[in-house]
Amino acid sequence: MANIYYDDSADLDLIRSRKVAVFGYGSQGHAHALNLRDSGVEVRIALHAGSRSRGRAEAEGLSVVSGPEAAAWADVITILTPDTTQAAIYEEQIAPHLGSGKTLMFAHGFNIRFGTIRPPAAVDVSLIAPKAPGHRVRELFIEGGGTPALVAVEQDASGQALALALSYARGVGLTRAGVIETTFAEETETDLFGEQSVLCGGVSELIKAGFETLVEAGYQPEIAYFECLHELKLIVDLMYRGGLNYMRYSVSDTAEHGDYHGGRQIVTEETRAAMQKILADVRSGAYAQGWIDEDRAGRPNFMARRRAEQNHQIETVGAELRKMMPFLDAVTLKESV
């Protein structure tokens with residue numbers, strides 16, 4: 001059984017006695033910083049001078065300083081910028097100010113797992129990874145709840161790395177829901193695998209393939225959109241509440257039969273072999289190196305694919321249909337990049 005920690009396993013006073021610098025003020029950065037601040041922790045935000053996030057952070061009453069200033073001031077340095085920016089930020093702004101007794105913290109283990117960041121042995125290195133987007137971490141905290149999270153320790157120079165990480169997690173509100181102990185390797189590898197094979201890559205391609213199959217067979221795109229994308233939320237919500245069994249209990253017998261009849265025709269042995277290949281590339285570092293190389297080259301393939309996906313028919317049809325459903329609080333990208 002996994003070790004799972006709750007509020008009664010975390011001493012909030014530990015993180016309250018530390019100065020915390022949060023690098024980045026995006027999805028996770030704003031949630032960590034505001035929740036910690038509201039839990040009585042002294043927090044500063046590290047942003048470059050031209051950051052568009054500076055105004056938002058200052059409007060929330062947070063102190064915004066340069067990266068080197070934040071790293072020199074802080075006892076706990078949390079890096080919450082995109083994976084591809086972290087190594088440079090670490091080398092240029094943080095490493096010169098990392099002294100014995102400090103803690104370097106992450107919300108995703110990518111750069112530690114694949115060696116693009118190599119902290120000195122005298123500092124603690126830990127991870128607190130909420131299993132939800134940052135805006136949800138903030139919303140639930142305000143409501144008095146929390147999101148589940150993962151905790152890991154890579155280096156325990158002080159002998160208190162886990163205790164401090166759990167205290168940090170409590171400050172963010174995560175121990176309200178439960179924090180599962182893991183390792184940097186397990187968090188990183190399962191996260192990358194899940195994103196590619198199921199949560200983002202797998203689901204996105206399945207939705208588009210279903211949509212295209214119906215449209216190419218002559219069915220109306222609007223009907224295909226509802227059947228293959230819109231209704232997915234209804235099914236996922238049932239799974240979220242009670243697992244696959246509750247979903248099958250809640251739908252019609254015909255739908256449940258369709259589950260058993262069609263599922264293994266779609267997810268075949270070839271599909272499972274592809275998943276094994278994805279996992280192997282993640283574990284070997286081949287995927288990480290490919291993404292790092294793509295980023296360093298200016299992301300030509302990534303950006304071309306992004307543009308193509310933003311202009312797919314399912315997106316144009318969906319945008320029009322969502323306009324007719326104001327209760328969705330629909331979001332439309334203001335610019336295509």
# chains A, B, ... in the order shown; residues from 1 in each chain; ligands from 1
>>> select_by_dssp(residues="region 5-68 of chain A", states="helix (DSSP H, G or I)", output="PyMOL selection string")
chain A and resi 7-9+12-16+27-38+54-59+67-68
>>> select_by_dssp(residues="region 24-192 of chain A", states="strand (DSSP E or B)", output="PyMOL selection string")
chain A and resi 42-46+63-65+76-79+103-106+124-130+149-155+179-181
>>> residues_around(residues="Lys131 (chain A)", least_positions_apart="2", cutoff="9 Å", atoms="only C-alpha atoms", output="number ranges by chain")
A: 129, 133, 137, 147-150
>>> atom_distance(atom1="CA of Asn35 (chain A)", atom2="CA of Val172 (chain A)")
4.9 Å
>>> closest_atom_pairs(of="region 43-96 of chain A", to="region 20-24 of chain A", cutoff="8 Å", atoms="only C-alpha atoms", output="Markdown table")
| residue | atom | partner | partner_atom | distance |
| --- | --- | --- | --- | --- |
| A:Val43 | CA | A:Val20 | CA | 4.9 |
| A:Arg44 | CA | A:Ala21 | CA | 4.9 |
| A:Ile45 | CA | A:Val22 | CA | 5.0 |
| A:Ala46 | CA | A:Phe23 | CA | 4.7 |
| A:Leu47 | CA | A:Gly24 | CA | 6.2 |
| A:Gly67 | CA | A:Phe23 | CA | 7.2 |
| A:Ala70 | CA | A:Ala21 | CA | 5.7 |
| A:Ala71 | CA | A:Ala21 | CA | 6.8 |
| A:Trp73 | CA | A:Ala21 | CA | 7.9 |
| A:Ala74 | CA | A:Val20 | CA | 5.3 |
| A:Asp75 | CA | A:Val20 | CA | 6.1 |
| A:Val76 | CA | A:Val20 | CA | 4.7 |
| A:Ile77 | CA | A:Ala21 | CA | 4.9 |
| A:Thr78 | CA | A:Val22 | CA | 4.9 |
| A:Ile79 | CA | A:Phe23 | CA | 4.9 |
| A:Leu80 | CA | A:Gly24 | CA | 5.3 |
| A:Thr81 | CA | A:Gly24 | CA | 4.9 |
>>> residues_around(residues="region 319-336 of chain A", least_positions_apart="4", cutoff="9 Å", atoms="only C-alpha atoms", output="list in words")
Glu222, Tyr225, Arg306, Arg307, Gln310, Asn311, Ile314 and Glu315 of chain A
>>> residues_around(residues="Ser53 (chain A)", least_positions_apart="2", cutoff="12 Å", atoms="only C-alpha atoms", output="number ranges by chain")
A: 23-27, 29-30, 45-51, 55-60, 62, 64, 81
>>> residues_around(residues="region 1-12 of chain A", least_positions_apart="3", cutoff="9 Å", atoms="only C-alpha atoms", output="list in words")
Ile15, Arg16, Ser17, Ser39, Leu150, Ala163, Leu164, Ala165, Leu166, Ser167, Tyr168, Ala169, Arg170, Gly171, Gly173, Leu174, Thr175, Arg176, Ala177, Gly178, Val179, Ile180, Glu181 and Thr182 of chain A
>>> write_last_selection(atoms="N, CA and C atoms", output="short mmCIF file (atom, residue, chain, number, x, y, z; two decimals), in the first residue's frame")
data_model
loop_
_atom_site.label_atom_id
_atom_site.label_comp_id
_atom_site.auth_asym_id
_atom_site.auth_seq_id
_atom_site.Cartn_x
_atom_site.Cartn_y
_atom_site.Cartn_z
N ILE A 15 6.74 25.09 7.55
CA ILE A 15 6.83 25.95 6.37
C ILE A 15 6.59 27.40 6.75
N ARG A 16 5.83 27.64 7.82
CA ARG A 16 5.64 29.02 8.28
C ARG A 16 6.93 29.64 8.80
N SER A 17 7.86 28.79 9.20
CA SER A 17 9.14 29.30 9.71
C SER A 17 10.16 29.50 8.60
N SER A 39 -2.01 30.74 4.12
CA SER A 39 -1.73 29.84 5.24
C SER A 39 -0.71 30.41 6.21
N LEU A 150 1.10 14.37 -5.01
CA LEU A 150 2.20 13.43 -4.80
C LEU A 150 3.33 14.15 -4.09
N ALA A 163 9.36 15.93 5.95
CA ALA A 163 8.52 16.69 6.88
C ALA A 163 8.24 18.09 6.34
N LEU A 164 9.27 18.74 5.77
CA LEU A 164 9.08 20.08 5.24
C LEU A 164 8.20 20.06 3.99
N ALA A 165 8.39 19.05 3.14
CA ALA A 165 7.56 18.94 1.93
C ALA A 165 6.09 18.75 2.31
N LEU A 166 5.83 17.94 3.32
CA LEU A 166 4.44 17.73 3.76
C LEU A 166 3.87 19.00 4.38
N SER A 167 4.70 19.75 5.09
CA SER A 167 4.25 21.02 5.64
C SER A 167 3.89 21.99 4.52
N TYR A 168 4.73 22.03 3.48
CA TYR A 168 4.46 22.85 2.29
C TYR A 168 3.13 22.42 1.65
N ALA A 169 2.95 21.09 1.53
CA ALA A 169 1.72 20.58 0.94
C ALA A 169 0.50 21.00 1.76
N ARG A 170 0.64 21.00 3.08
CA ARG A 170 -0.48 21.44 3.91
C ARG A 170 -0.76 22.92 3.69
N GLY A 171 0.29 23.71 3.54
CA GLY A 171 0.11 25.12 3.28
C GLY A 171 -0.63 25.40 1.98
N GLY A 173 -2.84 23.31 0.84
CA GLY A 173 -4.16 22.71 1.01
C GLY A 173 -4.28 21.30 0.50
N LEU A 174 -3.17 20.67 0.18
CA LEU A 174 -3.20 19.36 -0.48
C LEU A 174 -3.38 18.21 0.49
N THR A 175 -2.90 18.35 1.71
CA THR A 175 -3.07 17.27 2.69
C THR A 175 -4.52 17.14 3.14
N ARG A 176 -5.36 18.10 2.78
CA ARG A 176 -6.80 17.96 3.06
C ARG A 176 -7.37 16.78 2.28
N ALA A 177 -6.84 16.56 1.07
CA ALA A 177 -7.34 15.48 0.21
C ALA A 177 -6.47 14.23 0.28
N GLY A 178 -5.21 14.39 0.66
CA GLY A 178 -4.29 13.25 0.73
C GLY A 178 -3.12 13.41 -0.21
N VAL A 179 -1.92 13.15 0.31
CA VAL A 179 -0.68 13.25 -0.47
C VAL A 179 -0.01 11.89 -0.48
N ILE A 180 0.22 11.35 -1.67
CA ILE A 180 0.78 10.01 -1.83
C ILE A 180 2.29 10.09 -2.03
N GLU A 181 3.02 9.28 -1.28
CA GLU A 181 4.48 9.28 -1.40
C GLU A 181 4.92 8.49 -2.63
N THR A 182 5.86 9.07 -3.37
CA THR A 182 6.36 8.43 -4.59
C THR A 182 7.84 8.79 -4.73
#
>>> residues_around(residues="region 241-246 of chain A", least_positions_apart="6", cutoff="12 Å", atoms="only C-alpha atoms", output="PyMOL selection string")
chain A and resi 234-235+252+256+259-260
>>> atom_distance(atom1="CA of Ala152 (chain A)", atom2="CA of Glu91 (chain A)")
22.4 Å
>>> closest_residue(among="A:Gly262, A:Tyr240, A:Ile128, A:Cys228", to="Ala209 (chain A)", atoms="only C-alpha atoms")
A:Cys228
